[in-house]
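**Q** The structure file entry_4.cif (mmCIF, C-alpha atoms) is provided below.
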data_upload
loop_
_atom_site.label_atom_id
_atom_site.label_comp_id
_atom_site.auth_asym_id
_atom_site.auth_seq_id
_atom_site.Cartn_x
_atom_site.Cartn_y
_atom_site.Cartn_z
CA MET P 1 0.00 0.00 0.00
CA ASP P 2 1.04 3.55 -0.59
CA PRO P 3 2.47 4.92 2.71
CA SER P 4 0.48 8.15 2.49
CA ALA P 5 -2.73 6.15 2.02
CA ALA P 6 -1.91 4.08 5.11
CA LYS P 7 -1.34 7.34 6.98
CA LEU P 8 -4.76 8.67 6.03
CA ILE P 9 -6.44 5.39 7.02
CA GLY P 10 -4.60 5.45 10.34
CA ALA P 11 -5.74 9.00 11.02
CA GLY P 12 -9.31 8.01 10.22
CA LEU P 13 -9.11 5.02 12.55
CA ALA P 14 -7.68 7.17 15.33
CA SER P 15 -10.62 9.56 15.16
CA ILE P 16 -12.99 6.67 15.99
CA ALA P 17 -12.02 7.53 19.58
CA LEU P 18 -14.55 10.36 19.33
CA VAL P 19 -17.32 7.71 19.41
CA GLY P 20 -16.45 7.17 23.05
CA ALA P 21 -16.61 10.88 23.73
CA GLY P 22 -20.05 11.00 22.13
CA VAL P 23 -21.33 8.13 24.26
CA GLY P 24 -19.82 9.66 27.39
CA ILE P 25 -21.24 13.14 26.83
CA GLY P 26 -24.64 11.68 25.99
CA THR P 27 -24.63 9.60 29.17
CA ILE P 28 -23.65 12.56 31.31
CA PHE P 29 -26.24 14.97 29.96
CA GLY P 30 -28.94 12.29 29.79
CA ASN P 31 -28.40 11.23 33.38
CA TYR P 32 -28.22 14.84 34.53
CA LEU P 33 -31.54 15.58 32.86
CA GLN P 34 -33.06 12.47 34.38
CA GLY P 35 -31.90 13.46 37.83
CA ALA P 36 -32.90 17.08 37.30
CA LEU P 37 -36.45 16.12 36.30
CA ARG P 38 -36.80 13.85 39.31
CA ASN P 39 -35.51 16.46 41.74
CA PRO P 40 -35.44 19.90 40.08
CA SER P 41 -34.49 21.71 43.28
CA ALA P 42 -31.18 19.84 43.53
CA ALA P 43 -30.28 20.36 39.87
CA PRO P 44 -28.56 23.79 39.99
CA GLY P 45 -26.15 22.58 42.66
CA GLN P 46 -24.86 19.85 40.37
CA PHE P 47 -24.38 22.08 37.34
CA ALA P 48 -20.67 22.56 38.02
CA ASN P 49 -20.22 18.78 38.28
CA LEU P 50 -22.12 18.40 35.00
CA LEU P 51 -19.76 20.72 33.17
CA LEU P 52 -16.75 19.06 34.78
CA GLY P 53 -17.92 15.59 33.77
CA PHE P 54 -18.67 16.84 30.28
CA ALA P 55 -15.17 18.28 29.93
CA LEU P 56 -13.50 15.14 31.29
CA ALA P 57 -15.48 12.88 28.95
CA GLU P 58 -14.84 15.07 25.96
CA ALA P 59 -11.11 15.24 26.64
CA THR P 60 -10.62 11.47 26.33
CA GLY P 61 -12.19 11.53 22.88
CA LEU P 62 -10.11 14.50 21.88
CA PHE P 63 -6.95 12.58 22.78
CA GLY P 64 -7.86 10.32 19.88
CA LEU P 65 -8.26 13.35 17.65
CA VAL P 66 -4.82 14.54 18.71
CA VAL P 67 -3.39 11.15 17.76
CA ALA P 68 -5.03 11.52 14.35
CA LEU P 69 -3.51 14.97 13.91
CA ILE P 70 -0.09 13.73 14.98
CA ILE P 71 -0.33 10.95 12.40
CA LEU P 72 -1.36 13.44 9.72
CA PHE P 73 1.01 16.30 10.38
CA VAL P 74 4.03 14.96 12.29
CA PHE P 75 4.99 11.77 10.47
CA MET A 3 7.89 15.30 1.81
CA VAL A 4 4.81 13.11 1.67
CA GLU A 5 2.93 16.02 3.20
CA ALA A 6 3.91 18.38 0.42
CA GLN A 7 2.97 15.85 -2.22
CA ALA A 8 -0.38 15.23 -0.58
CA ALA A 9 -1.08 18.96 -0.36
CA GLU A 10 -0.05 19.42 -3.97
CA GLY A 11 -2.23 16.52 -5.02
CA ALA A 12 -5.18 18.00 -3.15
CA ALA A 13 -4.62 21.39 -4.76
CA GLN A 14 -4.47 19.89 -8.23
CA GLY A 15 -7.31 17.46 -7.61
CA GLY A 16 -9.87 20.14 -8.33
CA SER A 17 -10.57 20.71 -4.62
CA ARG A 18 -11.35 24.38 -4.05
CA LEU A 19 -11.66 24.10 -0.27
CA PRO A 20 -9.13 26.24 1.60
CA ASN A 21 -6.68 24.63 3.99
CA PRO A 22 -8.37 24.58 7.43
CA MET A 23 -4.98 24.53 9.18
CA HIS A 24 -3.87 27.83 7.66
CA GLN A 25 -5.46 29.83 10.48
CA PHE A 26 -3.08 28.30 13.04
CA GLU A 27 0.10 29.43 11.31
CA ILE A 28 2.46 31.50 13.38
CA GLU A 29 3.91 34.54 11.66
CA ARG A 30 6.86 36.60 12.82
CA ILE A 31 5.86 40.24 13.14
CA ILE A 32 9.12 41.53 14.61
CA PRO A 33 11.95 39.02 14.00
CA LEU A 34 14.28 38.87 16.98
CA LYS A 35 17.15 36.58 17.97
CA VAL A 36 18.35 36.34 21.55
CA PHE A 37 21.50 34.24 22.10
CA GLY A 38 20.71 32.10 19.10
CA PHE A 39 17.11 31.51 20.20
CA ASP A 40 14.24 32.67 18.05
CA ALA A 41 12.44 35.14 20.32
CA SER A 42 10.49 36.89 17.59
CA PHE A 43 7.36 38.86 18.37
CA THR A 44 4.74 36.71 16.65
CA ASN A 45 1.02 37.03 16.04
CA SER A 46 0.59 34.64 18.98
CA ALA A 47 2.48 37.02 21.27
CA LEU A 48 0.53 39.95 19.84
CA PHE A 49 -2.80 38.35 20.78
CA MET A 50 -1.56 37.52 24.28
CA VAL A 51 -0.60 41.19 24.71
CA ILE A 52 -4.01 42.25 23.37
CA ALA A 53 -5.77 39.88 25.78
CA ALA A 54 -3.78 41.06 28.79
CA THR A 55 -4.32 44.70 27.83
CA LEU A 56 -8.06 44.20 27.32
CA ILE A 57 -8.48 42.52 30.71
CA THR A 58 -6.48 45.24 32.46
CA ILE A 59 -8.42 48.04 30.77
CA PHE A 60 -11.73 46.28 31.42
CA THR A 61 -11.17 45.76 35.15
CA LEU A 62 -9.64 49.20 35.73
CA TYR A 63 -12.32 51.00 33.73
CA ALA A 64 -15.19 49.00 35.22
CA MET A 65 -14.09 49.59 38.80
CA ARG A 66 -13.08 53.26 38.39
CA SER A 67 -16.08 54.74 40.22
CA ARG A 68 -16.58 51.99 42.84
CA ALA A 69 -20.22 52.92 43.21
CA LEU A 70 -22.31 51.23 45.88
CA VAL A 71 -25.02 50.72 43.28
CA PRO A 72 -22.94 49.38 40.40
CA SER A 73 -23.25 50.63 36.86
CA ARG A 74 -23.72 48.12 34.07
CA ILE A 75 -20.03 47.53 33.36
CA GLN A 76 -19.16 47.48 37.05
CA SER A 77 -21.75 44.72 37.47
CA VAL A 78 -19.95 42.66 34.84
CA ALA A 79 -16.63 43.05 36.65
CA GLU A 80 -18.25 42.20 39.99
CA LEU A 81 -20.03 39.21 38.47
CA SER A 82 -16.80 37.78 37.07
CA TYR A 83 -15.08 38.39 40.43
CA GLU A 84 -17.89 36.67 42.33
CA PHE A 85 -17.99 33.83 39.82
CA VAL A 86 -14.32 32.95 40.29
CA ALA A 87 -14.40 33.70 44.02
CA ASN A 88 -17.28 31.25 44.49
CA MET A 89 -15.45 28.69 42.39
CA VAL A 90 -12.37 28.92 44.61
CA ARG A 91 -14.40 29.00 47.83
CA ASP A 92 -16.50 25.97 46.87
CA ASN A 93 -13.67 23.85 45.57
CA VAL A 94 -10.67 24.83 47.68
CA GLY A 95 -12.26 26.31 50.80
CA THR A 96 -11.69 29.60 52.57
CA ASP A 97 -7.99 28.97 53.18
CA GLY A 98 -7.57 28.66 49.42
CA MET A 99 -8.69 32.25 48.88
CA LYS A 100 -5.07 33.42 48.95
CA TYR A 101 -4.71 31.72 45.57
CA PHE A 102 -7.76 33.56 44.24
CA PRO A 103 -5.72 36.22 42.33
CA PHE A 104 -3.91 33.48 40.44
CA VAL A 105 -7.07 31.58 39.51
CA PHE A 106 -8.84 34.81 38.53
CA THR A 107 -5.94 35.88 36.30
CA LEU A 108 -5.78 32.43 34.75
CA PHE A 109 -9.52 32.28 34.09
CA MET A 110 -9.71 35.77 32.59
CA PHE A 111 -6.60 35.23 30.46
CA VAL A 112 -7.76 31.92 28.99
CA LEU A 113 -11.30 33.26 28.51
CA ALA A 114 -10.01 36.38 26.73
CA LEU A 115 -7.73 34.32 24.48
CA ASN A 116 -10.57 31.89 23.63
CA LEU A 117 -13.04 34.66 22.89
CA LEU A 118 -10.53 36.72 20.91
CA GLY A 119 -10.04 33.63 18.76
CA MET A 120 -13.72 33.76 17.82
CA VAL A 121 -13.25 37.13 16.11
CA PRO A 122 -12.98 36.44 12.36
CA TYR A 123 -9.44 36.64 10.93
CA SER A 124 -7.94 36.72 14.41
CA PHE A 125 -5.57 34.18 15.91
CA THR A 126 -6.43 31.66 18.65
CA VAL A 127 -3.46 31.47 20.98
CA THR A 128 -4.94 28.58 23.00
CA SER A 129 -5.11 26.41 19.87
CA HIS A 130 -1.37 25.80 20.22
CA ILE A 131 -0.44 22.99 22.58
CA ILE A 132 2.81 24.61 23.65
CA VAL A 133 0.92 27.59 25.10
CA THR A 134 -1.59 25.48 27.00
CA PHE A 135 1.11 23.03 28.08
CA ALA A 136 3.24 25.86 29.47
CA LEU A 137 0.24 27.06 31.50
CA ALA A 138 -0.62 23.53 32.66
CA ALA A 139 2.99 22.65 33.50
CA PHE A 140 3.31 25.83 35.58
CA ILE A 141 0.09 24.96 37.44
CA PHE A 142 1.21 21.36 37.98
CA LEU A 143 4.66 22.32 39.27
CA SER A 144 3.41 25.06 41.58
CA VAL A 145 0.59 22.89 42.96
CA THR A 146 3.04 20.06 43.68
CA LEU A 147 5.38 22.57 45.33
CA ILE A 148 2.51 23.94 47.45
CA GLY A 149 1.67 20.39 48.50
CA PHE A 150 5.22 19.62 49.57
CA VAL A 151 5.65 22.98 51.34
CA LYS A 152 2.38 22.52 53.24
CA HIS A 153 2.66 18.84 54.17
CA GLY A 154 6.36 18.08 53.75
CA VAL A 155 7.16 14.44 53.03
CA LYS A 156 3.65 13.47 54.19
CA PHE A 157 2.39 14.75 50.84
CA LEU A 158 3.59 11.42 49.40
CA LYS A 159 0.71 9.79 51.32
CA PHE A 160 -1.49 11.38 48.66
CA PHE A 161 -0.44 8.55 46.36
CA VAL A 162 -1.43 5.83 48.85
CA PRO A 163 -5.19 5.24 48.86
CA GLU A 164 -6.71 4.51 52.26
CA GLY A 165 -8.59 1.36 53.18
CA VAL A 166 -7.03 -0.78 50.49
CA PRO A 167 -5.69 -4.33 51.04
CA PHE A 168 -1.92 -4.28 51.51
CA VAL A 169 -1.35 -6.63 48.57
CA MET A 170 -2.99 -4.23 46.17
CA LEU A 171 -0.89 -1.24 47.23
CA PRO A 172 2.10 -1.62 44.87
CA LEU A 173 -0.24 -1.64 41.87
CA LEU A 174 -2.48 1.17 43.11
CA VAL A 175 0.40 3.46 44.06
CA VAL A 176 1.82 3.13 40.54
CA ILE A 177 -1.59 3.92 39.05
CA GLU A 178 -2.03 6.92 41.36
CA VAL A 179 1.42 8.28 40.47
CA ILE A 180 0.77 7.86 36.74
CA SER A 181 -2.65 9.51 36.99
CA TYR A 182 -1.04 12.38 38.90
CA LEU A 183 1.72 12.80 36.34
CA THR A 184 -0.71 12.87 33.39
CA ARG A 185 -2.54 15.85 34.91
CA PRO A 186 -0.62 18.56 33.05
CA LEU A 187 -0.98 16.58 29.82
CA SER A 188 -4.74 16.12 30.09
CA LEU A 189 -5.24 19.71 31.27
CA SER A 190 -3.34 21.16 28.34
CA VAL A 191 -4.60 18.77 25.66
CA ARG A 192 -8.23 19.34 26.69
CA LEU A 193 -8.02 23.09 26.07
CA PHE A 194 -5.82 22.84 23.00
CA ALA A 195 -7.79 20.08 21.28
CA ASN A 196 -11.15 21.73 21.96
CA MET A 197 -10.07 25.05 20.54
CA MET A 198 -8.25 23.56 17.58
CA ALA A 199 -10.98 21.07 16.68
CA GLY A 200 -13.64 23.76 17.00
CA HIS A 201 -11.86 26.23 14.77
CA THR A 202 -10.97 23.58 12.19
CA MET A 203 -14.62 22.49 12.12
CA LEU A 204 -15.81 26.06 11.64
CA LYS A 205 -13.35 26.59 8.78
CA VAL A 206 -14.24 23.32 7.02
CA PHE A 207 -17.99 23.84 7.33
CA GLY A 208 -17.62 27.49 6.40
CA ALA A 209 -15.87 26.40 3.20
CA PHE A 210 -18.87 24.12 2.49
CA VAL A 211 -21.19 27.14 2.73
CA VAL A 212 -19.05 29.03 0.23
CA ALA A 213 -18.92 25.98 -2.03
CA LEU A 214 -22.74 25.72 -1.98
CA GLY A 215 -22.91 29.17 -3.49
CA PHE A 216 -25.27 32.13 -3.22
CA LEU A 217 -28.45 30.14 -3.88
CA GLY A 218 -27.84 26.97 -1.90
CA GLY A 219 -25.83 28.25 1.03
CA TRP A 220 -28.43 30.05 3.16
CA ALA A 221 -29.64 27.08 5.21
CA ALA A 222 -26.04 26.01 5.76
CA LEU A 223 -25.20 29.57 6.78
CA GLY A 224 -27.88 29.33 9.46
CA PHE A 225 -26.20 26.20 10.80
CA MET A 226 -22.87 28.02 10.77
CA VAL A 227 -24.31 30.81 12.92
CA ALA A 228 -25.53 28.18 15.38
CA PHE A 229 -22.13 26.47 15.34
CA THR A 230 -20.42 29.79 16.04
CA GLY A 231 -22.71 30.24 19.02
CA LEU A 232 -21.76 26.76 20.19
CA GLU A 233 -18.08 27.59 19.81
CA ILE A 234 -18.47 30.72 21.94
CA LEU A 235 -20.10 28.50 24.57
CA VAL A 236 -17.17 26.07 24.31
CA ALA A 237 -14.71 28.96 24.60
CA PHE A 238 -16.30 29.96 27.90
CA LEU A 239 -16.72 26.38 29.07
CA GLN A 240 -13.09 25.43 28.48
CA ALA A 241 -11.84 28.50 30.36
CA TYR A 242 -14.18 27.54 33.19
CA VAL A 243 -13.03 23.92 33.19
CA PHE A 244 -9.37 24.99 33.09
CA ALA A 245 -9.91 27.20 36.13
CA ILE A 246 -12.02 24.69 38.07
CA LEU A 247 -9.52 21.88 37.52
CA THR A 248 -6.79 24.20 38.80
CA CYS A 249 -8.95 24.69 41.89
CA ILE A 250 -9.41 20.94 42.31
CA TYR A 251 -5.66 20.31 42.01
CA LEU A 252 -5.05 23.07 44.56
CA ASN A 253 -7.58 21.46 46.88
CA ASP A 254 -5.80 18.10 46.55
CA ALA A 255 -2.49 19.73 47.44
CA LEU A 256 -3.88 21.72 50.36
CA HIS A 257 -6.21 19.15 51.92
CA MET A 258 -5.08 15.85 50.41
CA HIS A 259 -8.65 14.63 49.94
CA HIS A 260 -9.45 11.75 47.73
#
Step by step, read the file and then write its structure as structure tokens.

**A**
Amino acid sequence: MDPSAAKLIGAGLASIALVGAGVGIGTIFGNYLQGALRNPSAAPGQFANLLLGFALAEATGLFGLVVALIILFVF
Amino acid sequence: MVEAQAAEGAAQGGSRLPNPMHQFEIERIIPLKVFGFDASFTNSALFMVIAATLITIFTLYAMRSRALVPSRIQSVAELSYEFVANMVRDNVGTDGMKYFPFVFTLFMFVLALNLLGMVPYSFTVTSHIIVTFALAAFIFLSVTLIGFVKHGVKFLKFFVPEGVPFVMLPLLVVIEVISYLTRPLSLSVRLFANMMAGHTMLKVFGAFVVALGFLGGWAALGFMVAFTGLEILVAFLQAYVFAILTCIYLNDALHMHH
């Protein structure tokens, strides 16, 4: 195979990591909404935790994106 | 080499889409060499100076009258103060308030850089990993130093989880140490990757709108406006997360909670 083609395929495979980020962010916001609808008065207090969890989940997916970019632009 | 060929191939392949990475290029504005090191004044440095100047002017101008009933702009300054002060108080505790100036400066600086990047044709400083890594490494080193100064050698107990079977300890201590050492990496990559991915996405999708033309591009343009709104939200959110994680690391160093 042409090395540059393999590089592009590798970058594409690495960005599959964002699937995990999608699942994680969906779980966090879904569960927050579920909890917030059950007990609306407690919801504002957990908003900071929601954002924190969102950021942590998103970061793991973005690591995969960084790997893809490294494959594309460094090698 | 392969890169250049690929770019050339893309340019000749009839693709009219502009390169989405072009916006991250660093240009020397005032070339400068100090002892063989390239210390040029770049567009990145220019935007950092702009951000710092804007924050200074904003806070000084907003607080100039110090009215008891705040004017509109004074309310904004007080709101941002209260926002960060509450963040530090909730996450670090009252004894952490002596680090409030640092967290406030950090939050405002990152927020200003992120928001400045949303201005069309401007430069996003936080989309470069070396900038965010320098910030994160400074936070990591100073927080570790604070921990050792406050607790001495006992700070090493932070890496030993309590209530764990003795046999498991060697494994868990290694995991704890690794997770502690990856903190600056995850902190910096989170900010950098969010900003870079967001701006690349905007550029790529924006090029689609242009490619659709005057007749077909209006619906896509509406989506682009929504995406820009989302990116402004992300710009704020990432500054917030950067600051709150700094608070959490500070809390770990000061109180050694798990």

**Q** Hey, list the chain A side of the contact with chain P: 10 Å cut-off, all atoms listed in the file, answer as a PyMOL selection string.

**A** chain A and resi 3-5+7-8+89+188-196+198-199+236+239-240+242-244+246-247

**Q** Do you know which residues the PyMOL selection byres ((chain A and resi 253-259) around 12) returns on this file, as a PyMOL selection string?

**A** chain A and resi 89-101+141-154+156-164+182+246-252+260

**Q** Quick check, in Å to one decimal: how far apart do atom CA of A:Phe60 and atom CA of A:Gln25 lie?

**A**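 According to the coordinates, atom CA of A:Phe60 and atom CA of A:Gln25 are separated by 27.4 Å.
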
**Q** What does the distance between atom CA of A:Leu204 and atom CA of A:Leu113 come to in Å, to one decimal place?

**A**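 Taking atom CA of A:Leu204 and atom CA of A:Leu113, their separation equals 18.9 Å.
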
**Q** Give me, as a short mmCIF file (atom, residue, chain, number, x, y, z; two decimals) with C-alpha atoms, in the coordinates of the input, all polymer residues having an atom no more than 6 Å from stretch 45-54 of chain A, counting only C-alpha atoms and skipping those fewer than 3 positions away in the same chain.

**A**
data_model
loop_
_atom_site.label_atom_id
_atom_site.label_comp_id
_atom_site.auth_asym_id
_atom_site.auth_seq_id
_atom_site.Cartn_x
_atom_site.Cartn_y
_atom_site.Cartn_z
CA GLU A 29 3.91 34.54 11.66
CA ILE A 57 -8.48 42.52 30.71
CA ALA A 114 -10.01 36.38 26.73
CA VAL A 127 -3.46 31.47 20.98
#

**Q** Could you tell me how far atom CA of P:Asn31 lies from atom CA of A:Gly231, in Å and to one decimal?

**A**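 Separation between atom CA of P:Asn31 and atom CA of A:Gly231: 24.5 Å.
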
**Q** Once the PyMOL selection byres ((chain A and resi 32) around 8) is applied to the coordinates I shared, what remains selected? I want it as a PyMOL selection string.

**A** chain A and resi 30-31+33-34+42-44

**Q** Any chance you could resolve the PyMOL selection byres ((chain A and resi 85) around 12) against this file and give the residues as an NGL selection string?

**A** (:P and (48)) or (:A and (77-84 or 86-92 or 102 or 105-106 or 109-110 or 242 or 245-246))

**Q** With only C-alpha atoms as the counted atoms, please give the residues lying no more than 12 Å from P:Phe47, apart from itself and same-chain residues fewer than 6 positions off, as a list in words.

**A**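 Those residues are Ile28, Phe29, Tyr32, Leu33, Gly35, Ala36, Pro40, Ser41, Gly53 and Phe54 of chain P.
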
**Q** Using all atoms listed in the file, which residue out of A:Leu118, A:Leu171, A:Val179, A:Val206 lies closest to A:His24?

**A**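 So, comparing all the options, the nearest one is A:Val206.
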
**Q** As JSON, what would the box around stretch 4-22 of chain P look like: edges along x, y and z, 3 Å added on every side, centre and edge lengths in Å to one decimal?

**A**
{"center_x": -9.8, "center_y": 7.5, "center_z": 12.9, "size_x": 26.5, "size_y": 12.9, "size_z": 27.7}

**Q** From the coordinates I just gave you, please extract stretch 6-53 of chain P so that only C-alpha atoms remain, then output it as a PDB file, in the first residue's frame.

**A**
ATOM      1  CA  ALA P   6      -1.910   4.081   5.109  1.00  0.00           C
ATOM      2  CA  LYS P   7      -1.336   7.342   6.981  1.00  0.00           C
ATOM      3  CA  LEU P   8      -4.760   8.671   6.028  1.00  0.00           C
ATOM      4  CA  ILE P   9      -6.440   5.387   7.016  1.00  0.00           C
ATOM      5  CA  GLY P  10      -4.605   5.446  10.338  1.00  0.00           C
ATOM      6  CA  ALA P  11      -5.745   9.004  11.020  1.00  0.00           C
ATOM      7  CA  GLY P  12      -9.313   8.013  10.223  1.00  0.00           C
ATOM      8  CA  LEU P  13      -9.112   5.020  12.547  1.00  0.00           C
ATOM      9  CA  ALA P  14      -7.683   7.174  15.334  1.00  0.00           C
ATOM     10  CA  SER P  15     -10.617   9.557  15.158  1.00  0.00           C
ATOM     11  CA  ILE P  16     -12.994   6.673  15.986  1.00  0.00           C
ATOM     12  CA  ALA P  17     -12.015   7.535  19.579  1.00  0.00           C
ATOM     13  CA  LEU P  18     -14.551  10.357  19.332  1.00  0.00           C
ATOM     14  CA  VAL P  19     -17.318   7.713  19.408  1.00  0.00           C
ATOM     15  CA  GLY P  20     -16.452   7.175  23.054  1.00  0.00           C
ATOM     16  CA  ALA P  21     -16.606  10.884  23.728  1.00  0.00           C
ATOM     17  CA  GLY P  22     -20.050  10.997  22.126  1.00  0.00           C
ATOM     18  CA  VAL P  23     -21.328   8.131  24.256  1.00  0.00           C
ATOM     19  CA  GLY P  24     -19.820   9.663  27.388  1.00  0.00           C
ATOM     20  CA  ILE P  25     -21.240  13.140  26.831  1.00  0.00           C
ATOM     21  CA  GLY P  26     -24.642  11.676  25.987  1.00  0.00           C
ATOM     22  CA  THR P  27     -24.627   9.599  29.169  1.00  0.00           C
ATOM     23  CA  ILE P  28     -23.649  12.562  31.312  1.00  0.00           C
ATOM     24  CA  PHE P  29     -26.243  14.966  29.960  1.00  0.00           C
ATOM     25  CA  GLY P  30     -28.942  12.288  29.794  1.00  0.00           C
ATOM     26  CA  ASN P  31     -28.399  11.234  33.380  1.00  0.00           C
ATOM     27  CA  TYR P  32     -28.216  14.842  34.531  1.00  0.00           C
ATOM     28  CA  LEU P  33     -31.535  15.581  32.863  1.00  0.00           C
ATOM     29  CA  GLN P  34     -33.060  12.474  34.379  1.00  0.00           C
ATOM     30  CA  GLY P  35     -31.896  13.461  37.828  1.00  0.00           C
ATOM     31  CA  ALA P  36     -32.895  17.083  37.300  1.00  0.00           C
ATOM     32  CA  LEU P  37     -36.446  16.119  36.302  1.00  0.00           C
ATOM     33  CA  ARG P  38     -36.797  13.849  39.306  1.00  0.00           C
ATOM     34  CA  ASN P  39     -35.511  16.462  41.742  1.00  0.00           C
ATOM     35  CA  PRO P  40     -35.443  19.903  40.081  1.00  0.00           C
ATOM     36  CA  SER P  41     -34.490  21.714  43.280  1.00  0.00           C
ATOM     37  CA  ALA P  42     -31.181  19.844  43.534  1.00  0.00           C
ATOM     38  CA  ALA P  43     -30.280  20.363  39.868  1.00  0.00           C
ATOM     39  CA  PRO P  44     -28.560  23.792  39.987  1.00  0.00           C
ATOM     40  CA  GLY P  45     -26.154  22.576  42.663  1.00  0.00           C
ATOM     41  CA  GLN P  46     -24.865  19.852  40.366  1.00  0.00           C
ATOM     42  CA  PHE P  47     -24.384  22.080  37.337  1.00  0.00           C
ATOM     43  CA  ALA P  48     -20.670  22.556  38.018  1.00  0.00           C
ATOM     44  CA  ASN P  49     -20.224  18.782  38.279  1.00  0.00           C
ATOM     45  CA  LEU P  50     -22.121  18.397  35.004  1.00  0.00           C
ATOM     46  CA  LEU P  51     -19.757  20.716  33.172  1.00  0.00           C
ATOM     47  CA  LEU P  52     -16.750  19.059  34.781  1.00  0.00           C
ATOM     48  CA  GLY P  53     -17.920  15.586  33.765  1.00  0.00           C
TER      49      GLY P  53
END
